[in-house]
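Everything below concerns the one structure shown next.
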There are 4 protein chains.
Amino acid sequence: MIIILKRDADPKKVENLANTLQQQGIIIQDIKGEATHMMGLAGDTSHISREQIEANDFVESVMKVSEPYKLAGRKFHPEDTVVEVAGRKIGGGNFAVIAGPCSVESEEQILSVARDVAASGAAFMRGGAFKPRSSPYAFQGMGLDGLELLKIARQKTGLPIVTEILDPAYLEAFAADVDVIQIGARNMQNFALLREVGALKKPVLLKRALSGTIEELLMAAEYLMAAGAKDVILCERGIRTYETATRNTLDLSAVPVLHKKSHLPVVVDPSHSTGYWDLVEPMAIAATAAGADGLIIEVHNAPQCALCDGAQSITPEKFHHLMGRINKVRAAIAED
Amino acid sequence: MIIILKRDADPKKVENLANTLQQQGIIIQDIKGEATHMMGLAGDTSHISREQIEANDFVESVMKVSEPYKLAGRKFHPEDTVVEVAGRKIGGGNFAVIAGPCSVESEEQILSVARDVAASGAAFMRGGAFKPRSSPYAFQGMGLDGLELLKIARQKTGLPIVTEILDPAYLEAFAADVDVIQIGARNMQNFALLREVGALKKPVLLKRALSGTIEELLMAAEYLMAAGAKDVILCERGIRTYETATRNTLDLSAVPVLHKKSHLPVVVDPSHSTGYWDLVEPMAIAATAAGADGLIIEVHNAPQCALCDGAQSITPEKFHHLMGRINKVRAAIAED
Amino acid sequence: MIIILKRDADPKKVENLANTLQQQGIIIQDIKGEATHMMGLAGDTSHISREQIEANDFVESVMKVSEPYKLAGRKFHPEDTVVEVAGRKIGGGNFAVIAGPCSVESEEQILSVARDVAASGAAFMRGGAFKPRSSPYAFQGMGLDGLELLKIARQKTGLPIVTEILDPAYLEAFAADVDVIQIGARNMQNFALLREVGALKKPVLLKRALSGTIEELLMAAEYLMAAGAKDVILCERGIRTYETATRNTLDLSAVPVLHKKSHLPVVVDPSHSTGYWDLVEPMAIAATAAGADGLIIEVHNAPQCALCDGAQSITPEKFHHLMGRINKVRAAIAED
Amino acid sequence: MIIILKRDADPKKVENLANTLQQQGIIIQDIKGEATHMMGLAGDTSHISREQIEANDFVESVMKVSEPYKLAGRKFHPEDTVVEVAGRKIGGGNFAVIAGPCSVESEEQILSVARDVAASGAAFMRGGAFKPRSSPYAFQGMGLDGLELLKIARQKTGLPIVTEILDPAYLEAFAADVDVIQIGARNMQNFALLREVGALKKPVLLKRALSGTIEELLMAAEYLMAAGAKDVILCERGIRTYETATRNTLDLSAVPVLHKKSHLPVVVDPSHSTGYWDLVEPMAIAATAAGADGLIIEVHNAPQCALCDGAQSITPEKFHHLMGRINKVRAAIAED
């Protein structure tokens, strides 16, 4: 941590602050130039509040240097985390595709799509039973009935279930039936939910918030891990920017940046990020080339009849073709 | 709703879509130029899914025209909503200031600050008992003990309590003890929480999300109102942009825009939006001049010792001075 | 400047870098904790390239501490700059309104508007002769003919001319005829133009770029001042964000932030920032309350016939009413 | 174009507007529902000013439907444009890499880097002679001397020159000596420069502005083409967002979106977009996989001594390795 002092800072007040910090075991280095006066803090500064120090009127600003995350960071956990569910692995060189409809709509629909994506090489099945919709009047998902249909599809295809939790009221059902619990973008900083889901110690797919920074995404993972979760899969799903040609702006640089800062696997969602089915294929391939550990893709047997997000869903035929291209790119980048 | 068709759209497919829509009671107008072909939809289009229509390969894009909110919108509710709590009013020409510390820290602290802000003219007291912190290791608030201290301060000062709910587990306590329940920026799209808080039918202070649009803020209010709430106070608290000189970018234009689109009162938070105590005064005055129905301001008796957000808290003395300036600006804009 | 070293940085390489910097007169302080290793640099670091240091593989990142601007900054120029043109002052407690149409369209139009705004108390007249239009097919302004019409209006009303330069080819005409040369948002980082306009040593109105940071705005002012300009007026005109309810997001916090960092006067443009005429009045008043040194407002006698930007222009009648309200708010905030 | 009318719009005023538009040859369709009243406009609406119509007080808003670009758009030019310079092609299935240092610094440096990148398969050489620097005190490039050194390097390696123009004062030199004239991000809306460069009818590399929309990028291309240019290469180089982990946010979805909307070739700059050398390789590969027609990459023989942008430059060795990986990915996606 670096404290930048105002030009006319009262030396007595500065000394008082320095003494207070030193009593907390912090080592302080004075750095004084003609135009600037700083204090460099070393030691365990994780309990020092930046805001408290900035509230002193002789302080110009405070800069953090250490990363605020520990369990999610690569610094103290250099080797890649590999998440394994029913024999399917993500991370540490293992690549997996999660595919399925935005919402579960009927047994026929989810079974048909699950069979198709399994046949094309998907390792997990996705499908929303509880849907976060910006309108209270829009279809909110089938709820627990949808969860039952996902279980039937899992039984018939062997694909583990990835589905989103919205309400802690359903924690028990998710603990019992869901293989990978998804925390959606809108709940990335729902800290109460993070703590409760983390305590289940099940695999979690954590989506980046609409305007979440990479650091905030890792701090949300830290919440899950501090509560007990070990297998957290990070998901880049597009961020909100001024550009309106796509639904969100897919931030693919986040893939190598997250790999540098964290040991957790990173998957990319080319469907929600772009919002248009014809952009899903190029972005899925680009994400693979960028080094993602997996993809989560919306597939629907009749997108124009989908109860939500039809515009960004691809058909099983397109998904099959896409899987072929992904495998070729995987092979090309593996050679090095 | 306007459907823009692709240049080479198959006329048969277009007719099929038109027929399907007409069977749902929609009136369709064909608009055909040399380079563009559109269909204009009139009637109740609120149940038509934009995504479903965009999933058709002959559709270029779909534009919404009607506002998706009804209860929160001014269209069908032209007169201003006035929220009244214990004789204090916000909205419809009534102005109120909510003030207090970021967190409740002790009986002495909350009592002292509450007495000071009441004496300076604050109408409501704020103070966090449950704090949404980006780090799981940071101070998370005093919890229910904090709520008890707020009740003591209310008893001694008469100021109604405005405080944030994070977890539906505490709904009962909030229903019993809190006068205005705050939904924080990070939970603006926590739809499960919105529904449950809305069902309490108590006044709610709803903060705009970090990158929430004005439409999304009104849709979040719609969730609360569809669940039963009537007295929703909207709060502009700064949005996330590329600028780092302030914590967030205070979007004061949102005040007149919200007044145009909605009948609900609008308050502004100059503390969280700017992040620096010396910007609180100019932005509080500017918000008042922009026509806000109220302000929510962080006041702490010793900001440099505050357990959170000290950098943006002002002292009771500065608050007192600020209230004087606010009143002068209120008088100046009232003359018209 | 602070250099944050990688955890496993080779001590020899670190020493080499330190030696190189010390030979350039920099004083170095080593700051070493358990998890972090930094070097604090004091002395004149303005010629040290952050990028060069970051290119070393043992460096994690580099943080700047000093402000990169000198002439535009308040640090070495604590007193407010007052810009004076033909007896009209902006800055240091002096407030001035610049008003007029987006484009000069005819002698009748510019004369009529200039007379009206002068009568209502405007101190300067604005009016585009050269217009930056996003389409090459849109009206590009009357060019030098427009400049002639502005001169006529100046002669008849006494209002000095504020108008935008787009092309260095017209430098001579602007030097001879224009009182305050405007650099538009799209040219804020057109460094060739900044240098040439700065060398004229005339007053300049410098608009913040569409996504310009406050630091970049001050660096653009620094370009003008390094080339010879003294009288630079900074202009906040809204920044680009994800919000689409307004044309841009007016960043009023920039007013007190710029006043803190710089001695230059700051004016606000409520017309371009909001894009809608009915938002001009509340935002003009809010900007005044926030402490702006002036306003620049689009006024047109027949907005629905304006050749550009009609949607954001107000009529002379509305401008007159607005000036009355601005004066009242000015009086209210002056009392303190 | 769609005009959305206010609920209480005066029918006479609406009729007047409709008549005015019809006299200009526009066909108007009335679309009237319970809650909305719109007019759909067909015919050539390119000369209708959206702002003028929005300035009418009975109009709620106006939506554009047609794209505002014609020469740059795919609608009237369905086949891909292939830019060819000295036998090297970009676009329409042809892929080319442009590589070289940020700035030309000496004959030895530019020759050494040019030879290295040519040997690794680069098709063009880049190198700044005129540098847009945010500080007036930073190295501004070698100017015309730098251009001379680029010519020497071209003569010895055969690589055509891609370099940026900042000032119309040097148009003649660029016309004579430069193969592909670069318009930098900061000048994307410097319309005077666009017109003058376009009139040279030489190939142009046009970079997207820091917060340029895809539509604005295409309108800037339209300026160049309306002035005479045919061979415009679009360049995605990262956009400004709230995320600070990278210098900019690389928007790779722009590649397929631009290919859909325009016939012009699209190259990607993984150096400026990310700002860190270790992100250049994954993003270069991802851009290739996303379907880019080429890449522009900073290569420096001693990045830690580079006079600018060292942090984002890669060494010739790393470039060589990268070219191998790019070729493998090219082969993988070509199979389809």
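Chain labels A, B, ... are given in the sequence in which chains occur in the structure tokens; within each chain residues are numbered consecutively from 1, and ligands are likewise numbered from 1 in the order shown.
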
Can you build me a table of chain C residues sitting at most 12 Å from chain A, with the closest atom pair per residue and its distance in Å to one decimal, using only C-alpha atoms, sorted by chain and residue number, as a tab-separated table?
residue	atom	partner	partner_atom	distance
C:Met1	CA	A:Thr36	CA	9.5
C:Ile2	CA	A:Ile2	CA	8.5
C:Ile3	CA	A:Val65	CA	10.0
C:Ile4	CA	A:Val65	CA	7.6
C:Leu5	CA	A:Val65	CA	10.4
C:Lys6	CA	A:Lys75	CA	10.3
C:Arg7	CA	A:Lys75	CA	8.5
C:Asp8	CA	A:Lys75	CA	10.7
C:Gly25	CA	A:Gly33	CA	11.1
C:Ile26	CA	A:Gly33	CA	9.0
C:Ile27	CA	A:Gly33	CA	7.9
C:Ile28	CA	A:Ile31	CA	8.0
C:Gln29	CA	A:Ile31	CA	6.5
C:Asp30	CA	A:Gln29	CA	7.8
C:Ile31	CA	A:Ala42	CA	6.2
C:Lys32	CA	A:Ala42	CA	5.8
C:Gly33	CA	A:Ala42	CA	4.5
C:Glu34	CA	A:Gly43	CA	6.1
C:Ala35	CA	A:Ser66	CA	7.6
C:Thr36	CA	A:Ser66	CA	6.7
C:His37	CA	A:Ala42	CA	8.2
C:Met38	CA	A:Gly40	CA	8.4
C:Met39	CA	A:Gly40	CA	8.9
C:Gly40	CA	A:Ile31	CA	6.4
C:Leu41	CA	A:Ile31	CA	7.2
C:Ala42	CA	A:Gly33	CA	4.5
C:Gly43	CA	A:Gly33	CA	4.6
C:Asp44	CA	A:Gly33	CA	7.6
C:Thr45	CA	A:Gly33	CA	9.5
C:Ser46	CA	A:Ala35	CA	11.0
C:Glu60	CA	A:Val65	CA	10.3
C:Ser61	CA	A:Val65	CA	9.4
C:Val62	CA	A:Val65	CA	10.0
C:Met63	CA	A:Met63	CA	8.7
C:Lys64	CA	A:Met63	CA	10.1
C:Val65	CA	A:Ile4	CA	7.6
C:Ser66	CA	A:Thr36	CA	6.8
C:Glu67	CA	A:Ala35	CA	9.7
C:Pro68	CA	A:Ala35	CA	11.6
C:Lys70	CA	A:Ala35	CA	11.0
C:Arg74	CA	A:Arg7	CA	11.6
C:Lys75	CA	A:Arg7	CA	8.5
C:Phe76	CA	A:Ala35	CA	9.6
C:Leu210	CA	A:Tyr242	CA	11.1
C:Ser211	CA	A:Tyr242	CA	10.2
C:Ile239	CA	A:Tyr242	CA	10.4
C:Arg240	CA	A:Tyr242	CA	6.8
C:Thr241	CA	A:Tyr242	CA	5.2
C:Tyr242	CA	A:Tyr242	CA	4.1
C:Glu243	CA	A:Tyr242	CA	7.4
C:Thr244	CA	A:Tyr242	CA	8.5
C:Arg247	CA	A:Tyr242	CA	11.3
C:Asn248	CA	A:Tyr242	CA	10.1
C:Thr249	CA	A:Tyr242	CA	11.1
C:Lys260	CA	A:Glu60	CA	11.4
C:Lys261	CA	A:Glu60	CA	11.5

Practice item. Going by DSSP on the backbone, which bits of segment 79-273 of chain C are strand (DSSP E)? Write them as a PyMOL selection string, please. Key: chain C and resi 83-85+88-90+96-100+124-126+161-164+180-183+204-207+232-236+266-268

Atoms kept (N, CA, C and O atoms) for selection, written as a compact mmCIF listing (two decimals), in the first residue's frame:
# COMPACT_ATOMS: atom_id res chain seq x y z
N VAL C 83 -10.07 34.37 -17.49
CA VAL C 83 -9.97 34.67 -18.92
C VAL C 83 -10.82 35.90 -19.19
O VAL C 83 -11.99 35.94 -18.81
N GLU C 84 -10.22 36.89 -19.84
CA GLU C 84 -10.95 38.13 -20.11
C GLU C 84 -10.94 38.41 -21.60
O GLU C 84 -9.90 38.42 -22.25
N VAL C 85 -12.12 38.62 -22.17
CA VAL C 85 -12.25 38.92 -23.59
C VAL C 85 -13.22 40.10 -23.73
O VAL C 85 -14.37 40.00 -23.31
N ARG C 88 -15.35 40.89 -20.81
CA ARG C 88 -16.15 39.80 -20.21
C ARG C 88 -15.20 38.80 -19.58
O ARG C 88 -14.24 38.39 -20.22
N LYS C 89 -15.46 38.40 -18.35
CA LYS C 89 -14.54 37.52 -17.62
C LYS C 89 -15.16 36.16 -17.32
O LYS C 89 -16.33 36.05 -17.00
N ILE C 90 -14.32 35.14 -17.38
CA ILE C 90 -14.71 33.79 -16.96
C ILE C 90 -13.65 33.28 -16.01
O ILE C 90 -12.45 33.34 -16.31
N ALA C 96 -19.93 33.40 -16.85
CA ALA C 96 -20.36 33.92 -18.15
C ALA C 96 -21.10 32.85 -18.93
O ALA C 96 -20.73 31.67 -18.88
N VAL C 97 -22.11 33.27 -19.66
CA VAL C 97 -22.88 32.34 -20.49
C VAL C 97 -22.59 32.60 -21.96
O VAL C 97 -22.61 33.75 -22.42
N ILE C 98 -22.29 31.53 -22.66
CA ILE C 98 -22.04 31.55 -24.11
C ILE C 98 -23.29 30.95 -24.75
O ILE C 98 -23.66 29.83 -24.41
N ALA C 99 -23.93 31.65 -25.67
CA ALA C 99 -25.18 31.11 -26.23
C ALA C 99 -25.28 31.41 -27.71
O ALA C 99 -24.69 32.37 -28.22
N GLY C 100 -26.04 30.58 -28.40
CA GLY C 100 -26.24 30.78 -29.83
C GLY C 100 -26.59 29.48 -30.50
O GLY C 100 -26.66 28.43 -29.86
N PHE C 124 -21.20 35.89 -24.36
CA PHE C 124 -20.54 35.49 -25.60
C PHE C 124 -21.59 34.86 -26.52
O PHE C 124 -22.60 34.35 -26.06
N MET C 125 -21.26 34.87 -27.81
CA MET C 125 -22.13 34.27 -28.81
C MET C 125 -21.43 33.05 -29.39
O MET C 125 -20.23 33.10 -29.70
N ARG C 126 -22.14 31.93 -29.50
CA ARG C 126 -21.58 30.77 -30.17
C ARG C 126 -22.33 30.56 -31.48
O ARG C 126 -23.47 31.04 -31.65
N ILE C 161 -17.07 36.34 -30.33
CA ILE C 161 -17.38 35.10 -31.07
C ILE C 161 -16.64 33.90 -30.49
O ILE C 161 -15.42 33.94 -30.33
N VAL C 162 -17.40 32.83 -30.19
CA VAL C 162 -16.82 31.52 -29.85
C VAL C 162 -17.20 30.56 -30.96
O VAL C 162 -18.40 30.33 -31.17
N THR C 163 -16.23 30.03 -31.68
CA THR C 163 -16.59 29.11 -32.77
C THR C 163 -15.47 28.10 -32.99
O THR C 163 -14.31 28.34 -32.65
N GLU C 164 -15.85 26.95 -33.54
CA GLU C 164 -14.95 25.80 -33.59
C GLU C 164 -14.10 25.76 -34.85
O GLU C 164 -14.58 25.99 -35.95
N VAL C 180 -12.71 33.55 -29.24
CA VAL C 180 -12.36 32.35 -28.48
C VAL C 180 -12.46 31.17 -29.44
O VAL C 180 -13.54 30.88 -29.97
N ILE C 181 -11.33 30.51 -29.69
CA ILE C 181 -11.31 29.39 -30.64
C ILE C 181 -11.69 28.12 -29.92
O ILE C 181 -11.10 27.77 -28.91
N GLN C 182 -12.70 27.44 -30.45
CA GLN C 182 -13.16 26.21 -29.82
C GLN C 182 -12.47 25.00 -30.44
O GLN C 182 -12.39 24.89 -31.66
N ILE C 183 -11.93 24.12 -29.57
CA ILE C 183 -11.46 22.80 -30.00
C ILE C 183 -12.56 21.83 -29.59
O ILE C 183 -12.89 21.72 -28.41
N VAL C 204 -8.84 29.91 -25.79
CA VAL C 204 -9.31 28.66 -26.39
C VAL C 204 -10.35 28.04 -25.48
O VAL C 204 -10.19 28.02 -24.25
N LEU C 205 -11.43 27.55 -26.08
CA LEU C 205 -12.42 26.75 -25.35
C LEU C 205 -12.15 25.30 -25.74
O LEU C 205 -12.32 24.93 -26.90
N LEU C 206 -11.72 24.50 -24.75
CA LEU C 206 -11.30 23.12 -25.03
C LEU C 206 -12.33 22.15 -24.50
O LEU C 206 -12.52 22.04 -23.29
N LYS C 207 -12.97 21.40 -25.40
CA LYS C 207 -14.01 20.46 -24.97
C LYS C 207 -13.42 19.09 -24.67
O LYS C 207 -12.51 18.63 -25.36
N VAL C 232 -6.96 29.18 -21.40
CA VAL C 232 -7.67 27.97 -21.83
C VAL C 232 -8.89 27.78 -20.92
O VAL C 232 -8.76 27.80 -19.70
N ILE C 233 -10.05 27.64 -21.54
CA ILE C 233 -11.30 27.38 -20.81
C ILE C 233 -11.65 25.92 -21.04
O ILE C 233 -11.77 25.49 -22.18
N LEU C 234 -11.76 25.16 -19.94
CA LEU C 234 -12.10 23.75 -20.05
C LEU C 234 -13.61 23.59 -20.16
O LEU C 234 -14.35 24.35 -19.52
N CYS C 235 -14.06 22.61 -20.93
CA CYS C 235 -15.51 22.43 -21.10
C CYS C 235 -15.93 20.98 -20.92
O CYS C 235 -15.52 20.11 -21.67
N GLU C 236 -16.77 20.74 -19.90
CA GLU C 236 -17.40 19.43 -19.70
C GLU C 236 -18.64 19.38 -20.57
O GLU C 236 -19.52 20.25 -20.44
N VAL C 266 -13.80 26.48 -15.82
CA VAL C 266 -14.53 25.31 -16.30
C VAL C 266 -15.96 25.72 -16.66
O VAL C 266 -16.69 26.25 -15.82
N VAL C 267 -16.35 25.47 -17.92
CA VAL C 267 -17.73 25.72 -18.31
C VAL C 267 -18.40 24.39 -18.66
O VAL C 267 -17.72 23.39 -18.91
N VAL C 268 -19.71 24.39 -18.65
CA VAL C 268 -20.48 23.16 -18.88
C VAL C 268 -21.42 23.37 -20.06
O VAL C 268 -22.01 24.44 -20.21

Practice item. Identify all residues of segment 25-62 of chain C in alpha helix (DSSP H) (DSSP on the backbone) and supply them as a list in words. Key: Arg50, Glu51, Gln52, Ile53 and Glu54 of chain C

Point to revise | atom CA of Leu258 of chain C to atom CA of Gly291 of chain C, distance in Å rounded to a single decimal | key: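 Interatomic distance here is 10.7 Å.
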
Review point. If you measure from atom CA of Gly198 of chain A to atom CA of Ser134 of chain B, what distance in Å do you get, rounded to one decimal?
Key: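 Atom CA of Ser134 of chain B lies 15.5 Å from atom CA of Gly198 of chain A.
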